[in-house]
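A short worksheet on the structure shown next.
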Amino acid sequence: MGLRFYDTLGRQKTDFVPLNPERVRLYVCGPTVYDRAHIGNARPLIVFDVLFRLLRERFGAAHVTYVRNITDVDDKIITRAAERGIAIETLTETTTAEFLDDVAGLGCLPPTVEPRATAHIAEMIAIIEKLIASGHAYQAESHVLFDVAAMPTYGALSHRDLTGMQAGARVEVASYKRGDADFVLWKPAAATEPGWDSPWGRGRPGWHIECSAMSWRYLGETFDIHGGGLDLIFPHHENEIAQSCCAFGRDAMAQTWMHNGFLQVEGEKMSKSLGNFVTIRDLLTGDSFGGRAWPGEVLRLAMLRTHYRQPIDWTVRALVEAEQTLDRWYAAIGNEGADASPGKDVVSALADDLNTPAALAALHQLVSSGAHAEARASARLLGLLQETGSAWAARKQAGVDAAAIEARIAERLAARRAKDWAASDRIRDELARDGILLKDNKDGTTGWSLSRGHG
Ligand code: AMP
Ligand code: ZN
């Protein structure tokens, strides 16, 4: 069955034919690790997890490479670490660990590679050197800038032209820029800031170059699908395209550009000042949204009820409905296995630009017609019904083996005291895989809760 995806660049649904079906390549922009991820950030995590699962189903798990980066050098990180009076590495490492707990709690498969920007400075410098050599970048006052005027097709993804951009409301233009739209590839680092030696002096990369470097390293000059939220189309993805295409002399960075729509909360834009800012962690472990914690699958189902390109309104009511649906499905399917193939209608709905609402409707049909094994296999393609019916029910009754969980938490604490970070991380990851989320603070683990069952 053929796959079709809406391509933001071509502005239409197109047949998806991988450049190499033996190695299907997907890149999704990951988090900047300065703070807890919010529920809006969960949308691309869940949407592209479903895409990853679908590609694995279609081309074979061993033939799909999914790269999602971690941005661990950025102005926001520097500012936040200074505010909190902690080392930058402490901030980025703890935030990365929290992020990985959150995505595990949402039932996402780990990507094939999760590269960190700071480990790829050499690749960034190599690309910038290529861009200078080909006349697409210039050095000015210890900065290196991309020369937008040197790329005639700049703006194709976001459908902007340069003149429009210059006439718009504009931020103050740095004097060393040749053109208003020119963007930073490399900038000088103050002595107190993280910095790396480069041909242009000690400095640090701009944000956009990070993704060009990491996608190049793991996926090559051109790859299949690049994803992220709508807000990344401009300037981030536009600039990634400019860098990669001009450095490598290619027409395309990715064949297909996929963008998820935005999430708002109870009808309003989510913001700290409105007091409706919800983190993934709050939902999984806290009591801040609807007065309780929610299982990861409830969050996932609530997210997938809306097509990924539509805006989504995140409401307590939708979570309650999603939970009722899961209760019914788990009760109907019980512990029946997933040894069947996913249902044809579910697969064909997903194959048509990830139509998850249609896939869920088809899944309903399978459950109510008694095709339980098929239903479970189909649900797995959506990252749902990943536990047994008994584990789901046990959680409802809070009938979990609390003593065993506490023992493993104690083991982890001992490992941390012995500074055995590898063992501590391993235990945390194993617990996360079993659906147990730890609440950590600087003094240790202060509590835990269940996100998925452990049956
Ligand atoms: P950021 O850390 O802001 O770069 O965001 C990480 C990812 O989450 C990007 O793909 C963003 O497009 C996406 N994202 C951020 N806010 C929202 C939102 N409210 N709704 C949907 N996606 C979002
Ligand atoms: Zn990116």
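Chain identifiers are assigned as A, B, and so on, following the order in which chains appear in the structure tokens; residues are numbered from 1 within each chain, and ligands are numbered from 1 in order of appearance.
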
Can you list, as a PDB file with N, CA, C and O atoms, in the first residue's frame, every protein, DNA or RNA residue that comes within 10 Å of range 210-216 of chain A when you count only C-alpha atoms, leaving out same-chain residues fewer than 3 positions away?
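As a result, selection_27.pdb now contains:
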```
ATOM      1  N   ARG A  25      14.859   7.540   5.835  1.00  0.00           N
ATOM      2  CA  ARG A  25      15.496   8.481   6.767  1.00  0.00           C
ATOM      3  C   ARG A  25      14.572   9.635   7.168  1.00  0.00           C
ATOM      4  O   ARG A  25      14.062  10.346   6.318  1.00  0.00           O
ATOM      5  N   LEU A  26      14.412   9.787   8.483  1.00  0.00           N
ATOM      6  CA  LEU A  26      13.512  10.783   9.060  1.00  0.00           C
ATOM      7  C   LEU A  26      14.275  11.626  10.078  1.00  0.00           C
ATOM      8  O   LEU A  26      14.981  11.081  10.927  1.00  0.00           O
ATOM      9  N   TYR A  27      14.132  12.950   9.959  1.00  0.00           N
ATOM     10  CA  TYR A  27      14.742  13.864  10.937  1.00  0.00           C
ATOM     11  C   TYR A  27      13.655  14.753  11.526  1.00  0.00           C
ATOM     12  O   TYR A  27      12.851  15.317  10.793  1.00  0.00           O
ATOM     13  N   VAL A  28      13.644  14.866  12.852  1.00  0.00           N
ATOM     14  CA  VAL A  28      12.689  15.752  13.529  1.00  0.00           C
ATOM     15  C   VAL A  28      13.468  16.627  14.508  1.00  0.00           C
ATOM     16  O   VAL A  28      14.310  16.130  15.257  1.00  0.00           O
ATOM     17  N   CYS A  29      13.193  17.927  14.485  1.00  0.00           N
ATOM     18  CA  CYS A  29      13.883  18.842  15.392  1.00  0.00           C
ATOM     19  C   CYS A  29      13.448  18.554  16.830  1.00  0.00           C
ATOM     20  O   CYS A  29      12.260  18.519  17.130  1.00  0.00           O
ATOM     21  N   GLY A  30      14.423  18.362  17.676  1.00  0.00           N
ATOM     22  CA  GLY A  30      14.139  18.033  19.074  1.00  0.00           C
ATOM     23  C   GLY A  30      14.163  19.266  19.959  1.00  0.00           C
ATOM     24  O   GLY A  30      14.194  20.396  19.469  1.00  0.00           O
ATOM     25  N   VAL A  67      16.140  10.270  13.399  1.00  0.00           N
ATOM     26  CA  VAL A  67      17.052  11.117  14.167  1.00  0.00           C
ATOM     27  C   VAL A  67      16.257  12.267  14.790  1.00  0.00           C
ATOM     28  O   VAL A  67      15.527  12.971  14.088  1.00  0.00           O
ATOM     29  N   ARG A  68      16.387  12.419  16.102  1.00  0.00           N
ATOM     30  CA  ARG A  68      15.782  13.575  16.779  1.00  0.00           C
ATOM     31  C   ARG A  68      16.862  14.170  17.689  1.00  0.00           C
ATOM     32  O   ARG A  68      17.363  13.498  18.574  1.00  0.00           O
ATOM     33  N   ASN A  69      17.207  15.408  17.403  1.00  0.00           N
ATOM     34  CA  ASN A  69      18.370  15.997  18.080  1.00  0.00           C
ATOM     35  C   ASN A  69      18.018  16.591  19.442  1.00  0.00           C
ATOM     36  O   ASN A  69      16.850  16.817  19.767  1.00  0.00           O
ATOM     37  N   ILE A  70      19.038  16.878  20.195  1.00  0.00           N
ATOM     38  CA  ILE A  70      18.920  17.625  21.446  1.00  0.00           C
ATOM     39  C   ILE A  70      19.745  18.901  21.271  1.00  0.00           C
ATOM     40  O   ILE A  70      20.954  18.828  21.014  1.00  0.00           O
ATOM     41  N   THR A  71      19.094  20.062  21.356  1.00  0.00           N
ATOM     42  CA  THR A  71      19.820  21.328  21.262  1.00  0.00           C
ATOM     43  C   THR A  71      20.307  21.704  22.658  1.00  0.00           C
ATOM     44  O   THR A  71      19.511  22.095  23.514  1.00  0.00           O
ATOM     45  N   ASP A  72      21.614  21.536  22.880  1.00  0.00           N
ATOM     46  CA  ASP A  72      22.159  21.789  24.216  1.00  0.00           C
ATOM     47  C   ASP A  72      23.147  22.957  24.223  1.00  0.00           C
ATOM     48  O   ASP A  72      23.967  23.073  25.128  1.00  0.00           O
ATOM     49  N   VAL A  73      23.050  23.819  23.197  1.00  0.00           N
ATOM     50  CA  VAL A  73      23.767  25.104  23.247  1.00  0.00           C
ATOM     51  C   VAL A  73      22.852  26.154  22.623  1.00  0.00           C
ATOM     52  O   VAL A  73      22.345  25.953  21.515  1.00  0.00           O
ATOM     53  N   VAL A 113      18.789   7.591  16.586  1.00  0.00           N
ATOM     54  CA  VAL A 113      19.907   8.402  17.063  1.00  0.00           C
ATOM     55  C   VAL A 113      19.337   9.665  17.713  1.00  0.00           C
ATOM     56  O   VAL A 113      18.408  10.275  17.182  1.00  0.00           O
ATOM     57  N   GLU A 114      19.904  10.051  18.873  1.00  0.00           N
ATOM     58  CA  GLU A 114      19.513  11.302  19.532  1.00  0.00           C
ATOM     59  C   GLU A 114      20.759  12.148  19.746  1.00  0.00           C
ATOM     60  O   GLU A 114      21.287  12.217  20.854  1.00  0.00           O
ATOM     61  N   PRO A 115      21.249  12.766  18.690  1.00  0.00           N
ATOM     62  CA  PRO A 115      22.521  13.479  18.783  1.00  0.00           C
ATOM     63  C   PRO A 115      22.390  14.789  19.541  1.00  0.00           C
ATOM     64  O   PRO A 115      21.352  15.447  19.502  1.00  0.00           O
ATOM     65  N   ARG A 116      23.459  15.136  20.249  1.00  0.00           N
ATOM     66  CA  ARG A 116      23.507  16.425  20.947  1.00  0.00           C
ATOM     67  C   ARG A 116      24.324  17.407  20.134  1.00  0.00           C
ATOM     68  O   ARG A 116      25.398  17.070  19.629  1.00  0.00           O
ATOM     69  N   ALA A 117      23.842  18.622  20.065  1.00  0.00           N
ATOM     70  CA  ALA A 117      24.511  19.635  19.235  1.00  0.00           C
ATOM     71  C   ALA A 117      25.977  19.811  19.626  1.00  0.00           C
ATOM     72  O   ALA A 117      26.854  19.869  18.760  1.00  0.00           O
ATOM     73  N   THR A 118      26.258  19.869  20.922  1.00  0.00           N
ATOM     74  CA  THR A 118      27.633  20.177  21.341  1.00  0.00           C
ATOM     75  C   THR A 118      28.627  19.090  20.926  1.00  0.00           C
ATOM     76  O   THR A 118      29.824  19.335  20.946  1.00  0.00           O
ATOM     77  N   ALA A 119      28.135  17.903  20.564  1.00  0.00           N
ATOM     78  CA  ALA A 119      29.047  16.846  20.118  1.00  0.00           C
ATOM     79  C   ALA A 119      29.268  16.904  18.609  1.00  0.00           C
ATOM     80  O   ALA A 119      29.930  16.033  18.041  1.00  0.00           O
ATOM     81  N   HIS A 120      28.711  17.928  17.938  1.00  0.00           N
ATOM     82  CA  HIS A 120      28.802  17.997  16.465  1.00  0.00           C
ATOM     83  C   HIS A 120      29.286  19.342  15.961  1.00  0.00           C
ATOM     84  O   HIS A 120      28.921  19.775  14.858  1.00  0.00           O
ATOM     85  N   ILE A 121      30.111  19.996  16.770  1.00  0.00           N
ATOM     86  CA  ILE A 121      30.633  21.308  16.387  1.00  0.00           C
ATOM     87  C   ILE A 121      31.535  21.176  15.136  1.00  0.00           C
ATOM     88  O   ILE A 121      31.501  22.039  14.244  1.00  0.00           O
ATOM     89  N   ALA A 122      32.298  20.088  15.053  1.00  0.00           N
ATOM     90  CA  ALA A 122      33.202  19.913  13.901  1.00  0.00           C
ATOM     91  C   ALA A 122      32.419  19.883  12.588  1.00  0.00           C
ATOM     92  O   ALA A 122      32.820  20.501  11.593  1.00  0.00           O
ATOM     93  N   GLU A 123      31.277  19.195  12.594  1.00  0.00           N
ATOM     94  CA  GLU A 123      30.446  19.130  11.374  1.00  0.00           C
ATOM     95  C   GLU A 123      29.880  20.517  11.037  1.00  0.00           C
ATOM     96  O   GLU A 123      29.766  20.880   9.863  1.00  0.00           O
ATOM     97  N   MET A 124      29.530  21.277  12.077  1.00  0.00           N
ATOM     98  CA  MET A 124      28.983  22.621  11.832  1.00  0.00           C
ATOM     99  C   MET A 124      30.057  23.497  11.184  1.00  0.00           C
ATOM    100  O   MET A 124      29.793  24.201  10.200  1.00  0.00           O
ATOM    101  N   ILE A 125      31.269  23.436  11.733  1.00  0.00           N
ATOM    102  CA  ILE A 125      32.365  24.234  11.182  1.00  0.00           C
ATOM    103  C   ILE A 125      32.633  23.816   9.730  1.00  0.00           C
ATOM    104  O   ILE A 125      32.824  24.665   8.857  1.00  0.00           O
ATOM    105  N   ALA A 126      32.586  22.507   9.471  1.00  0.00           N
ATOM    106  CA  ALA A 126      32.838  22.028   8.099  1.00  0.00           C
ATOM    107  C   ALA A 126      31.799  22.595   7.134  1.00  0.00           C
ATOM    108  O   ALA A 126      32.145  23.026   6.018  1.00  0.00           O
ATOM    109  N   ILE A 127      30.549  22.623   7.531  1.00  0.00           N
ATOM    110  CA  ILE A 127      29.501  23.154   6.634  1.00  0.00           C
ATOM    111  C   ILE A 127      29.703  24.658   6.417  1.00  0.00           C
ATOM    112  O   ILE A 127      29.588  25.160   5.294  1.00  0.00           O
ATOM    113  N   ILE A 128      30.014  25.369   7.496  1.00  0.00           N
ATOM    114  CA  ILE A 128      30.207  26.818   7.365  1.00  0.00           C
ATOM    115  C   ILE A 128      31.389  27.102   6.427  1.00  0.00           C
ATOM    116  O   ILE A 128      31.319  28.007   5.578  1.00  0.00           O
ATOM    117  N   LEU A 185      25.488  32.064  11.325  1.00  0.00           N
ATOM    118  CA  LEU A 185      25.957  30.677  11.313  1.00  0.00           C
ATOM    119  C   LEU A 185      26.886  30.427  12.502  1.00  0.00           C
ATOM    120  O   LEU A 185      26.912  29.347  13.076  1.00  0.00           O
ATOM    121  N   PRO A 205      27.858  28.112  17.686  1.00  0.00           N
ATOM    122  CA  PRO A 205      27.045  28.060  16.462  1.00  0.00           C
ATOM    123  C   PRO A 205      25.716  28.786  16.614  1.00  0.00           C
ATOM    124  O   PRO A 205      25.202  28.937  17.725  1.00  0.00           O
ATOM    125  N   GLY A 206      25.142  29.202  15.503  1.00  0.00           N
ATOM    126  CA  GLY A 206      23.743  29.623  15.471  1.00  0.00           C
ATOM    127  C   GLY A 206      22.875  28.368  15.579  1.00  0.00           C
ATOM    128  O   GLY A 206      23.350  27.250  15.397  1.00  0.00           O
ATOM    129  N   TRP A 207      21.591  28.561  15.857  1.00  0.00           N
ATOM    130  CA  TRP A 207      20.705  27.412  16.079  1.00  0.00           C
ATOM    131  C   TRP A 207      20.513  26.590  14.791  1.00  0.00           C
ATOM    132  O   TRP A 207      20.601  25.349  14.804  1.00  0.00           O
ATOM    133  N   LEU A 219      22.218  11.230   8.346  1.00  0.00           N
ATOM    134  CA  LEU A 219      21.284  10.880   7.274  1.00  0.00           C
ATOM    135  C   LEU A 219      21.815  11.213   5.885  1.00  0.00           C
ATOM    136  O   LEU A 219      21.230  10.824   4.889  1.00  0.00           O
ATOM    137  N   GLY A 220      22.906  11.975   5.820  1.00  0.00           N
ATOM    138  CA  GLY A 220      23.468  12.311   4.517  1.00  0.00           C
ATOM    139  C   GLY A 220      23.014  13.672   4.015  1.00  0.00           C
ATOM    140  O   GLY A 220      22.283  14.398   4.688  1.00  0.00           O
ATOM    141  N   GLU A 221      23.442  13.995   2.789  1.00  0.00           N
ATOM    142  CA  GLU A 221      23.185  15.338   2.236  1.00  0.00           C
ATOM    143  C   GLU A 221      21.715  15.562   1.928  1.00  0.00           C
ATOM    144  O   GLU A 221      21.198  16.669   2.036  1.00  0.00           O
ATOM    145  N   THR A 222      21.049  14.503   1.489  1.00  0.00           N
ATOM    146  CA  THR A 222      19.611  14.576   1.189  1.00  0.00           C
ATOM    147  C   THR A 222      18.950  13.363   1.823  1.00  0.00           C
ATOM    148  O   THR A 222      19.515  12.270   1.759  1.00  0.00           O
ATOM    149  N   PHE A 223      17.808  13.566   2.443  1.00  0.00           N
ATOM    150  CA  PHE A 223      17.133  12.424   3.072  1.00  0.00           C
ATOM    151  C   PHE A 223      15.635  12.519   2.811  1.00  0.00           C
ATOM    152  O   PHE A 223      15.192  13.350   2.012  1.00  0.00           O
ATOM    153  N   HIS A 226      11.597  15.461   6.719  1.00  0.00           N
ATOM    154  CA  HIS A 226      11.999  16.353   7.804  1.00  0.00           C
ATOM    155  C   HIS A 226      10.730  16.855   8.461  1.00  0.00           C
ATOM    156  O   HIS A 226       9.812  17.303   7.779  1.00  0.00           O
ATOM    157  N   HIS A 236      13.443  28.670  10.982  1.00  0.00           N
ATOM    158  CA  HIS A 236      14.362  27.562  11.222  1.00  0.00           C
ATOM    159  C   HIS A 236      14.520  26.625  10.024  1.00  0.00           C
ATOM    160  O   HIS A 236      15.633  26.390   9.545  1.00  0.00           O
ATOM    161  N   HIS A 237      13.434  26.081   9.516  1.00  0.00           N
ATOM    162  CA  HIS A 237      13.576  25.106   8.430  1.00  0.00           C
ATOM    163  C   HIS A 237      13.993  25.772   7.120  1.00  0.00           C
ATOM    164  O   HIS A 237      14.735  25.190   6.333  1.00  0.00           O
ATOM    165  N   ASN A 239      16.008  28.147   6.880  1.00  0.00           N
ATOM    166  CA  ASN A 239      17.451  28.352   6.995  1.00  0.00           C
ATOM    167  C   ASN A 239      18.231  27.040   6.955  1.00  0.00           C
ATOM    168  O   ASN A 239      19.336  26.983   6.416  1.00  0.00           O
ATOM    169  N   GLU A 240      17.635  25.981   7.492  1.00  0.00           N
ATOM    170  CA  GLU A 240      18.280  24.669   7.359  1.00  0.00           C
ATOM    171  C   GLU A 240      18.423  24.315   5.881  1.00  0.00           C
ATOM    172  O   GLU A 240      19.462  23.827   5.432  1.00  0.00           O
ATOM    173  N   ILE A 241      17.351  24.536   5.118  1.00  0.00           N
ATOM    174  CA  ILE A 241      17.382  24.236   3.682  1.00  0.00           C
ATOM    175  C   ILE A 241      18.474  25.058   3.006  1.00  0.00           C
ATOM    176  O   ILE A 241      19.267  24.534   2.214  1.00  0.00           O
ATOM    177  N   ALA A 242      18.518  26.342   3.324  1.00  0.00           N
ATOM    178  CA  ALA A 242      19.510  27.219   2.697  1.00  0.00           C
ATOM    179  C   ALA A 242      20.929  26.698   2.959  1.00  0.00           C
ATOM    180  O   ALA A 242      21.734  26.546   2.038  1.00  0.00           O
ATOM    181  N   GLN A 243      21.204  26.367   4.212  1.00  0.00           N
ATOM    182  CA  GLN A 243      22.544  25.902   4.579  1.00  0.00           C
ATOM    183  C   GLN A 243      22.885  24.591   3.889  1.00  0.00           C
ATOM    184  O   GLN A 243      23.950  24.453   3.289  1.00  0.00           O
ATOM    185  N   SER A 244      21.992  23.605   4.010  1.00  0.00           N
ATOM    186  CA  SER A 244      22.310  22.268   3.505  1.00  0.00           C
ATOM    187  C   SER A 244      22.369  22.253   1.977  1.00  0.00           C
ATOM    188  O   SER A 244      23.294  21.689   1.399  1.00  0.00           O
ATOM    189  N   CYS A 245      21.398  22.879   1.331  1.00  0.00           N
ATOM    190  CA  CYS A 245      21.389  22.851  -0.137  1.00  0.00           C
ATOM    191  C   CYS A 245      22.600  23.584  -0.701  1.00  0.00           C
ATOM    192  O   CYS A 245      23.240  23.114  -1.647  1.00  0.00           O
ATOM    193  N   ALA A 247      25.527  24.272   0.851  1.00  0.00           N
ATOM    194  CA  ALA A 247      26.804  23.640   1.216  1.00  0.00           C
ATOM    195  C   ALA A 247      27.074  22.410   0.355  1.00  0.00           C
ATOM    196  O   ALA A 247      28.205  22.155  -0.044  1.00  0.00           O
ATOM    197  N   PHE A 248      26.016  21.645   0.066  1.00  0.00           N
ATOM    198  CA  PHE A 248      26.230  20.368  -0.623  1.00  0.00           C
ATOM    199  C   PHE A 248      25.894  20.449  -2.118  1.00  0.00           C
ATOM    200  O   PHE A 248      25.995  19.447  -2.823  1.00  0.00           O
ATOM    201  N   MET A 253      17.013  19.381   0.593  1.00  0.00           N
ATOM    202  CA  MET A 253      17.572  18.828   1.834  1.00  0.00           C
ATOM    203  C   MET A 253      16.789  17.558   2.192  1.00  0.00           C
ATOM    204  O   MET A 253      17.371  16.531   2.483  1.00  0.00           O
ATOM    205  N   ALA A 254      15.462  17.681   2.179  1.00  0.00           N
ATOM    206  CA  ALA A 254      14.602  16.532   2.429  1.00  0.00           C
ATOM    207  C   ALA A 254      13.576  16.481   1.312  1.00  0.00           C
ATOM    208  O   ALA A 254      13.200  17.504   0.751  1.00  0.00           O
TER     209      ALA A 254
END
```

task = Do a neighbour search on Val367 in chain A at 8 Å with only C-alpha atoms, toss out local chain neighbours closer than 3 positions, and write the hits as a VMD selection string.
result = chain A and resid 329 332 to 333 363 to 364 370 to 372 375

Keeping N, CA, C and O atoms, export the residues of the selection given above as a PDB file, in the first residue's frame.
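After the write, again.pdb holds the following:
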```
ATOM      1  N   TRP A 329     -11.833  -0.305  25.419  1.00  0.00           N
ATOM      2  CA  TRP A 329     -11.000  -1.165  24.562  1.00  0.00           C
ATOM      3  C   TRP A 329     -10.248  -2.201  25.382  1.00  0.00           C
ATOM      4  O   TRP A 329     -10.204  -3.380  25.035  1.00  0.00           O
ATOM      5  N   ALA A 332     -12.591  -4.892  26.488  1.00  0.00           N
ATOM      6  CA  ALA A 332     -13.010  -5.783  25.408  1.00  0.00           C
ATOM      7  C   ALA A 332     -11.880  -6.723  24.995  1.00  0.00           C
ATOM      8  O   ALA A 332     -12.097  -7.911  24.763  1.00  0.00           O
ATOM      9  N   ILE A 333     -10.681  -6.202  24.909  1.00  0.00           N
ATOM     10  CA  ILE A 333      -9.572  -6.984  24.341  1.00  0.00           C
ATOM     11  C   ILE A 333      -8.860  -7.801  25.406  1.00  0.00           C
ATOM     12  O   ILE A 333      -8.299  -8.858  25.112  1.00  0.00           O
ATOM     13  N   LEU A 363     -10.241   1.405  14.085  1.00  0.00           N
ATOM     14  CA  LEU A 363      -9.889   0.608  15.264  1.00  0.00           C
ATOM     15  C   LEU A 363     -11.146   0.300  16.097  1.00  0.00           C
ATOM     16  O   LEU A 363     -11.336  -0.833  16.551  1.00  0.00           O
ATOM     17  N   HIS A 364     -12.013   1.296  16.253  1.00  0.00           N
ATOM     18  CA  HIS A 364     -13.300   1.091  16.928  1.00  0.00           C
ATOM     19  C   HIS A 364     -14.057  -0.081  16.296  1.00  0.00           C
ATOM     20  O   HIS A 364     -14.570  -0.951  16.981  1.00  0.00           O
ATOM     21  N   GLY A 370     -15.136  -7.694  17.276  1.00  0.00           N
ATOM     22  CA  GLY A 370     -14.526  -8.851  17.942  1.00  0.00           C
ATOM     23  C   GLY A 370     -13.184  -9.286  17.365  1.00  0.00           C
ATOM     24  O   GLY A 370     -12.653 -10.328  17.747  1.00  0.00           O
ATOM     25  N   ALA A 371     -12.642  -8.504  16.439  1.00  0.00           N
ATOM     26  CA  ALA A 371     -11.332  -8.848  15.852  1.00  0.00           C
ATOM     27  C   ALA A 371     -10.215  -8.351  16.784  1.00  0.00           C
ATOM     28  O   ALA A 371      -9.497  -7.405  16.478  1.00  0.00           O
ATOM     29  N   HIS A 372     -10.100  -8.995  17.933  1.00  0.00           N
ATOM     30  CA  HIS A 372      -9.276  -8.439  19.002  1.00  0.00           C
ATOM     31  C   HIS A 372      -7.778  -8.438  18.728  1.00  0.00           C
ATOM     32  O   HIS A 372      -7.083  -7.476  19.033  1.00  0.00           O
ATOM     33  N   ALA A 375      -7.111  -5.807  16.308  1.00  0.00           N
ATOM     34  CA  ALA A 375      -7.297  -4.500  16.949  1.00  0.00           C
ATOM     35  C   ALA A 375      -6.051  -4.134  17.749  1.00  0.00           C
ATOM     36  O   ALA A 375      -5.559  -3.007  17.684  1.00  0.00           O
TER      37      ALA A 375
END
```

task = May I have the residues within 8 Å of ligand 1, computed using only C-alpha atoms and all ligand atoms, as a PyMOL selection string?
result = chain A and resi 28-33+37-45+227-232+259-264+269-270+311-312

Using C-alpha atoms, can you export the residues from the last selection as a PDB file, in the first residue's frame?
```
ATOM      1  CA  VAL A  28      12.689  15.752  13.529  1.00  0.00           C
ATOM      2  CA  CYS A  29      13.883  18.842  15.392  1.00  0.00           C
ATOM      3  CA  GLY A  30      14.139  18.033  19.074  1.00  0.00           C
ATOM      4  CA  PRO A  31      13.992  20.165  22.203  1.00  0.00           C
ATOM      5  CA  THR A  32      16.193  22.985  23.398  1.00  0.00           C
ATOM      6  CA  VAL A  33      16.983  21.654  26.851  1.00  0.00           C
ATOM      7  CA  ALA A  37       8.720  20.184  27.775  1.00  0.00           C
ATOM      8  CA  HIS A  38       5.101  21.365  27.632  1.00  0.00           C
ATOM      9  CA  ILE A  39       2.108  19.567  26.209  1.00  0.00           C
ATOM     10  CA  GLY A  40       2.459  21.481  22.910  1.00  0.00           C
ATOM     11  CA  ASN A  41       5.924  19.985  22.545  1.00  0.00           C
ATOM     12  CA  ALA A  42       4.323  16.562  23.049  1.00  0.00           C
ATOM     13  CA  ARG A  43       2.437  16.918  19.789  1.00  0.00           C
ATOM     14  CA  PRO A  44       5.381  16.494  17.392  1.00  0.00           C
ATOM     15  CA  LEU A  45       6.780  13.778  19.674  1.00  0.00           C
ATOM     16  CA  GLY A 227       9.459  17.166  10.502  1.00  0.00           C
ATOM     17  CA  GLY A 228       8.586  19.604  13.266  1.00  0.00           C
ATOM     18  CA  GLY A 229       5.887  21.996  14.397  1.00  0.00           C
ATOM     19  CA  LEU A 230       4.475  24.701  12.099  1.00  0.00           C
ATOM     20  CA  ASP A 231       6.339  27.454  13.937  1.00  0.00           C
ATOM     21  CA  LEU A 232       9.617  25.983  12.739  1.00  0.00           C
ATOM     22  CA  HIS A 259       4.621  20.054  10.018  1.00  0.00           C
ATOM     23  CA  ASN A 260       2.183  19.527  12.864  1.00  0.00           C
ATOM     24  CA  GLY A 261      -0.395  22.153  13.759  1.00  0.00           C
ATOM     25  CA  PHE A 262      -0.507  24.002  17.042  1.00  0.00           C
ATOM     26  CA  LEU A 263      -2.026  23.031  20.340  1.00  0.00           C
ATOM     27  CA  GLN A 264      -3.960  25.407  22.544  1.00  0.00           C
ATOM     28  CA  LYS A 269      -2.925  30.049  23.648  1.00  0.00           C
ATOM     29  CA  MET A 270      -0.802  28.372  26.289  1.00  0.00           C
ATOM     30  CA  PRO A 311      -5.072  22.896  15.389  1.00  0.00           C
ATOM     31  CA  ILE A 312      -5.940  20.993  18.544  1.00  0.00           C
TER      32      ILE A 312
END
```

DSSP strand (DSSP E or B) residues within range 150-253 of chain A, as a PyMOL selection string = chain A and resi 183-188+196+203-205+223-229

inquiry  = So that I can see what lies close to Ala373 in chain A, please list as a PyMOL selection string the residues with an atom at most 10 Å from it, counting only C-alpha atoms and leaving out residues fewer than 2 positions away in the same chain.
reply    = chain A and resi 333+335-343+366-367+370-371+375-379

With N, CA and C atoms retained, write the just-selected residues as a CSV table (one decimal), in the first residue's frame.
```csv
chain,number,residue,atom,x,y,z
A,333,ILE,N,-10.7,-6.2,24.9
A,333,ILE,CA,-9.6,-7.0,24.3
A,333,ILE,C,-8.9,-7.8,25.4
A,335,ASN,N,-6.3,-9.5,27.5
A,335,ASN,CA,-4.9,-9.8,27.3
A,335,ASN,C,-4.6,-10.4,26.0
A,336,GLU,N,-5.5,-10.3,25.1
A,336,GLU,CA,-5.3,-11.0,23.8
A,336,GLU,C,-4.1,-10.4,23.1
A,337,GLY,N,-3.4,-11.3,22.4
A,337,GLY,CA,-2.1,-11.0,21.8
A,337,GLY,C,-2.1,-10.1,20.6
A,338,ALA,N,-0.9,-9.7,20.2
A,338,ALA,CA,-0.8,-8.9,19.0
A,338,ALA,C,-0.2,-9.6,17.9
A,339,ASP,N,-0.4,-11.0,17.8
A,339,ASP,CA,0.3,-11.8,16.8
A,339,ASP,C,-0.3,-11.6,15.4
A,340,ALA,N,-1.5,-10.9,15.3
A,340,ALA,CA,-2.1,-10.6,14.0
A,340,ALA,C,-1.4,-9.4,13.4
A,341,SER,N,-1.7,-9.2,12.1
A,341,SER,CA,-1.3,-8.0,11.4
A,341,SER,C,-2.3,-6.9,11.7
A,342,PRO,N,-1.8,-5.7,11.6
A,342,PRO,CA,-2.8,-4.6,11.8
A,342,PRO,C,-3.9,-4.6,10.7
A,343,GLY,N,-5.0,-4.1,11.1
A,343,GLY,CA,-6.2,-4.1,10.2
A,343,GLY,C,-5.9,-3.2,8.9
A,366,LEU,N,-12.9,-2.6,14.6
A,366,LEU,CA,-12.2,-3.9,14.8
A,366,LEU,C,-12.6,-4.3,16.2
A,367,VAL,N,-12.6,-3.4,17.2
A,367,VAL,CA,-12.9,-3.8,18.6
A,367,VAL,C,-14.3,-4.3,18.7
A,370,GLY,N,-15.1,-7.7,17.3
A,370,GLY,CA,-14.5,-8.9,17.9
A,370,GLY,C,-13.2,-9.3,17.4
A,371,ALA,N,-12.6,-8.5,16.4
A,371,ALA,CA,-11.3,-8.8,15.9
A,371,ALA,C,-10.2,-8.4,16.8
A,375,ALA,N,-7.1,-5.8,16.3
A,375,ALA,CA,-7.3,-4.5,16.9
A,375,ALA,C,-6.1,-4.1,17.7
A,376,ARG,N,-5.5,-5.1,18.5
A,376,ARG,CA,-4.4,-4.8,19.3
A,376,ARG,C,-3.2,-4.5,18.4
A,377,ALA,N,-3.0,-5.2,17.4
A,377,ALA,CA,-1.9,-5.0,16.5
A,377,ALA,C,-2.0,-3.6,15.8
A,378,SER,N,-3.3,-3.2,15.5
A,378,SER,CA,-3.5,-1.9,14.9
A,378,SER,C,-3.2,-0.8,15.9
A,379,ALA,N,-3.7,-1.0,17.2
A,379,ALA,CA,-3.5,0.0,18.2
A,379,ALA,C,-2.0,0.2,18.4
```
